[in-house]
Each structure stands twice: as structure tokens, then as C-alpha cells.
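S.K.: Sharing a structure here in C-alpha cells format.
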Amino acid sequence: MLIDTHSHLGDQQFEDDRHAVIERAKAAGVSHMIVVADSLESATLSFAIARDTGMSATAGVHPHAASQWEDGSTDQVEEFISRPEVVAVGEVGLDYHYDFSPRDVQRRVFQTQIEIAEKAGLPVVVHSREADDDMTAMIRDSRATMILHSFSSGTSVFEAALEGGHYVSFSGMITFKSWKDTDSIRSVPDDRLLVETDSPYLAPVPHRGKRNEPAFVVEVAKKAAEVRGVPVEEICKNTTNNAVRLFGDRLTNKSES
Ligand SMILES: [Zn+2]
């Protein structure tokens with residue numbers, strides 16, 4: 001059993017066959033998927049998918065869309081995360097690669113959403129790209145638990161995350177030939193490790209170049225097992241336990257709420 005802690009099942013690439021994709025994932029042993037939203041508009045679709053399928057969702061504003069943050073956005077995020085299917089604030093963070101929103105706006109919107117999560121007692125799904133210095137500082141200040149999603153940052157971010165008791169989630173990127181940072185995979189403690197697809201993006205080897213889907217999280221787990229020198233079953237067990245501890249009992253598929 002595995003949990004895909006980060007999939008964009010609301011993406012239009014899944015419009016035609018979303019339910020078949022979810023069934024394929026279940027057949028591959030993926031018991032639960034978190035449907036991640038990246039804007040307040042996309043959140044509504046994520047909730048609907050999560051409700052219809054018994055999966056979970058997130059709500060939050062991605063750094064790309066940070067400049068769309070308005071006065072009423074705090075209230076809206078707070079309303080969204082009070083829904084039973086919502087298990088985290090996300091994805092939020094800093095992206096200085098694309099700089100689609102001004103950096104000061106990205107930091108302000110990220111900080112606001114960290115505080116919303118802290119107040120609600122929910123974890124924060126964090127996107128971080130080429131923003132290591134600011135991200136390190138903001139992780140160190142955060143009183144909400146964070147998940148560094150599709151981890152590909154440097155040592156300072158990694159250390160801040162582990163020292164703060166946060167979680168590190170690896171995606172299909174770790175299966176790429178270009179992936180050199182095996183140290184980070186090896187040094188995450190067993191109880192801080194998560195796996196994800198970030199589908200439809202970043203399809204792992206041997207599916208590279210195709211649309212990614214939650215079933216392929218199996219390849220991420222296999223690679224993590226290989227690098228850590230442990231049986232894949234151990235990765236499955238630990239990452240599933242971690243996801244349930246972090247996001248809640250809804251991920252066991254047993255709760256009716
Ligand atoms: Zn994502």
C-alpha cells in the first residue's frame with residue numbers, strides 16, 4: 001500500500017479519464033491520493049474529486065498566483081480548509097525560477113498561508129524553487145508543520161526542514177538520470193519521508209515523457225528503496241504511516257467524514 005501525497009487530479013489532462021486513473025492507482029496498490037489545488041478557482045474542483053472518490057484535497061494559493069491574492073482571500077482559504085475533505089494548506093511557497101509574481105508578494109502570501117495553517121492545526125504543502133535563502137528562513141520561522149513537496153532544494157532548506165520536524169516528499173525526479181542528490185533521499189529519517197507523483201508532471205522512469213498519474217508513485221517508492229538500501233515494503237509502510245500521522249485518519253479510507 002502506498003499513498004500519493006501530491007497529485008493534480010484536477011488538471012485538465014485528467015478530464016477525460018479521471019476515474020479510470022484513480023482505479024488504475026488503486027489496482028497498483030495506491031490506497032489514497034491527495035488532490036492538490038494551486039489556486040482558489042482550482043480548489044473547488046479538487047474538493048469535488050476528493051468527495052466523489054473518498055480521497056483528500058488541499059486548498060491554497062501557489063506562488064505563481066500570489067499576485068491574485070486579495071483582501072478576501074484569507075477568509076476564503078479559511079472557509080475552504082474547514083471542509084472535511086481538506087487535509088492541508090497547499091500548495092504554497094516561493095518560486096524564484098519563474099517569478100510569475102513579485103518576490104515580496106510571494107513571501108507575504110506564503111507567510112499569510114503558513115499562519116492560516118498554524119491557526120487551523122493543518123500542515124502546509126510547500127513548493128520551493130530557486131528560493132533557498134528565503135525558504136530556509138521561512139521554514140525556520142514556521143510554527144505549522146511543512147511538507148517540502150517534490151524536494152529538489154539545497155542543503156540549507158533540507159537541514160531547516162529536518163531540524164524543524166518537517167517532512168520531505170520525493171517525486172519521480174529521483175528516478176531521472178540527471179538526479180544527483182542521493183544524499184537527501186538517504187538521510188531523511190524514516191518518520192519524515194513521503195512519496196508523491198506531482199502528476200500529471202514529472203513522470204518517473206520508465207514512464208518518462210508520458211502523462212504522469214498516481215499509479216506511478218510505485219516507481220518513486222522503488223527508487224527510494226534502492227537508494228536507501230531497504231526493501232520497498234519498508235518504504236511503503238513508513239511513508240503510509242507518515243502520511244496518515246501528518247494528514248489524518250481520512251487517509252486510511254476508514255473515516256466517513
Ligand atoms: Zn504540485
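So you can find residues: chains in the C-alpha cells are A, B, ... in the order shown, residues in each start at 1, and ligands are numbered from 1 in order.
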Which residues come within 8 Å of Glu85 (chain A), counting only C-alpha atoms, excluding same-chain residues fewer than 2 positions away, as a PDB file with C-alpha atoms, in the first residue's frame?
M.R.:
```pdb
ATOM      1  CA  PHE A  47     -12.853  19.209  -3.365  1.00  0.00           C
ATOM      2  CA  ALA A  50     -11.989  14.221  -3.286  1.00  0.00           C
ATOM      3  CA  ARG A  51     -15.608  13.996  -2.166  1.00  0.00           C
ATOM      4  CA  MET A  55      -9.819  10.959  -1.488  1.00  0.00           C
ATOM      5  CA  SER A  56      -8.468  14.132   0.155  1.00  0.00           C
ATOM      6  CA  ALA A  57      -7.758  17.641  -1.072  1.00  0.00           C
ATOM      7  CA  ARG A  83     -14.209  21.266   4.821  1.00  0.00           C
ATOM      8  CA  VAL A  87      -6.271  17.886   4.892  1.00  0.00           C
ATOM      9  CA  ARG A 250      -9.075  10.268   6.354  1.00  0.00           C
ATOM     10  CA  SER A 257     -16.232  12.258   7.250  1.00  0.00           C
TER      11      SER A 257
END
```
S.K.: Ligand 1: which residues are within 9 Å, counting only C-alpha atoms and all ligand atoms, as a VMD selection string?
M.R.: chain A and resid 6 to 8 36 to 38 62 90 to 91 125 to 127 149 to 150 197 to 201
S.K.: Could the residues in this selection be written to a file with C-alpha atoms, as an mmCIF file, in the first residue's frame?
M.R.:
```cif
data_model
loop_
_atom_site.group_PDB
_atom_site.id
_atom_site.type_symbol
_atom_site.label_atom_id
_atom_site.label_comp_id
_atom_site.auth_asym_id
_atom_site.auth_seq_id
_atom_site.Cartn_x
_atom_site.Cartn_y
_atom_site.Cartn_z
ATOM 1 C CA HIS A 6 0.653 15.084 -4.152
ATOM 2 C CA SER A 7 -1.298 14.733 -7.370
ATOM 3 C CA HIS A 8 -3.059 17.305 -9.516
ATOM 4 C CA VAL A 36 -3.598 19.283 -4.596
ATOM 5 C CA ALA A 37 -5.010 22.656 -5.569
ATOM 6 C CA ASP A 38 -2.916 25.583 -6.709
ATOM 7 C CA HIS A 62 0.534 28.798 -5.399
ATOM 8 C CA GLY A 90 -1.247 23.982 -0.286
ATOM 9 C CA GLU A 91 0.392 24.153 -2.479
ATOM 10 C CA VAL A 125 2.350 21.638 1.336
ATOM 11 C CA VAL A 126 5.340 23.708 0.215
ATOM 12 C CA HIS A 127 6.601 24.397 -3.298
ATOM 13 C CA HIS A 149 6.973 18.695 -1.889
ATOM 14 C CA SER A 150 8.910 17.251 -4.854
ATOM 15 C CA THR A 197 3.865 11.849 -8.125
ATOM 16 C CA ASP A 198 3.101 15.561 -8.701
ATOM 17 C CA SER A 199 1.099 14.110 -11.602
ATOM 18 C CA PRO A 200 0.441 14.947 -14.410
ATOM 19 C CA TYR A 201 4.001 16.351 -14.322
#
```
S.K.: I need the residues of region 41-215 of chain A that end up classed as helix (DSSP H, G or I) by DSSP on the backbone, written out as an NGL selection string.
M.R.: :A and (41-53 or 63-68 or 73-81 or 103-120 or 132-141 or 155-163 or 172-175 or 182-187 or 190-192 or 214-215)
S.K.: What's around Asp191 (chain A) at 8 Å? Count only C-alpha atoms, leave out sequence neighbours fewer than 2 positions away in its own chain, and write the answer as a count of residues only.
M.R.: 5
S.K.: Region 220-237 of chain A: which residues within 7 Å, counting only C-alpha atoms, same-chain residues fewer than 2 positions away excluded, as a PyMOL selection string?
M.R.: chain A and resi 1-2+171-172+175+182+185-186+195+204+217-218+239-241
S.K.: Restricting it to C-alpha atoms, dump the selection as a CSV table (one decimal), in the first residue's frame.
M.R.:
```csv
chain,number,residue,atom,x,y,z
A,1,MET,CA,0.0,0.0,0.0
A,2,LEU,CA,1.2,3.5,-0.9
A,171,SER,CA,8.7,12.7,-6.7
A,172,GLY,CA,9.6,11.0,-9.9
A,175,THR,CA,14.3,8.3,-10.9
A,182,THR,CA,21.0,10.8,-3.4
A,185,ILE,CA,17.0,10.6,-0.1
A,186,ARG,CA,19.3,8.6,2.2
A,195,VAL,CA,6.5,10.0,-1.7
A,204,PRO,CA,9.1,8.7,-13.3
A,217,VAL,CA,4.2,6.6,-7.3
A,218,VAL,CA,5.3,2.9,-7.1
A,239,THR,CA,5.6,6.6,4.1
A,240,THR,CA,2.0,5.5,4.5
A,241,ASN,CA,2.3,5.7,8.3
```
S.K.: Please, what distance in Å, to one decimal, runs between CA of Gly60 (chain A) and CA of Ile174 (chain A)?
M.R.: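 Computed distance, CA of Gly60 (chain A) to CA of Ile174 (chain A), equals 25.8 Å.
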S.K.: As a VMD selection string, please: the residues near region 129-146 of chain A (cut-off 6 Å, only C-alpha atoms, same-chain neighbours under 4 positions excluded).
M.R.: chain A and resid 95 to 97 118 123 to 124 157 160 166
S.K.: When you draw a straight line from CA of Leu202 (chain A) to CA of Ser178 (chain A), how long is it in Å?
M.R.: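 Going from CA of Leu202 (chain A) over to CA of Ser178 (chain A) covers 12.7 Å.
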S.K.: Smallest atom-to-atom distance to Ala48 (chain A): which of A:Pro63, A:Gly164, A:Gly29, A:Gly10, using only C-alpha atoms?
M.R.: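 Among the listed residues, A:Gly10 lies closest to Ala48 (chain A).
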S.K.: When you draw a straight line from CA of Ser31 (chain A) to CA of Thr252 (chain A), how long is it in Å?
M.R.: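 Interatomic distance, CA of Ser31 (chain A) to CA of Thr252 (chain A): 8.0 Å.
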S.K.: Based on the backbone DSSP call, show me all residues of region 70-151 of chain A assigned strand (DSSP E or B), as a count of residues only.
M.R.: 19
S.K.: Closest to Leu94 (chain A) among A:Ala20, A:Gln68, A:Ser169, A:Leu148, using only C-alpha atoms?
M.R.: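 Using only C-alpha atoms, Leu94 (chain A) sits closest to A:Leu148.
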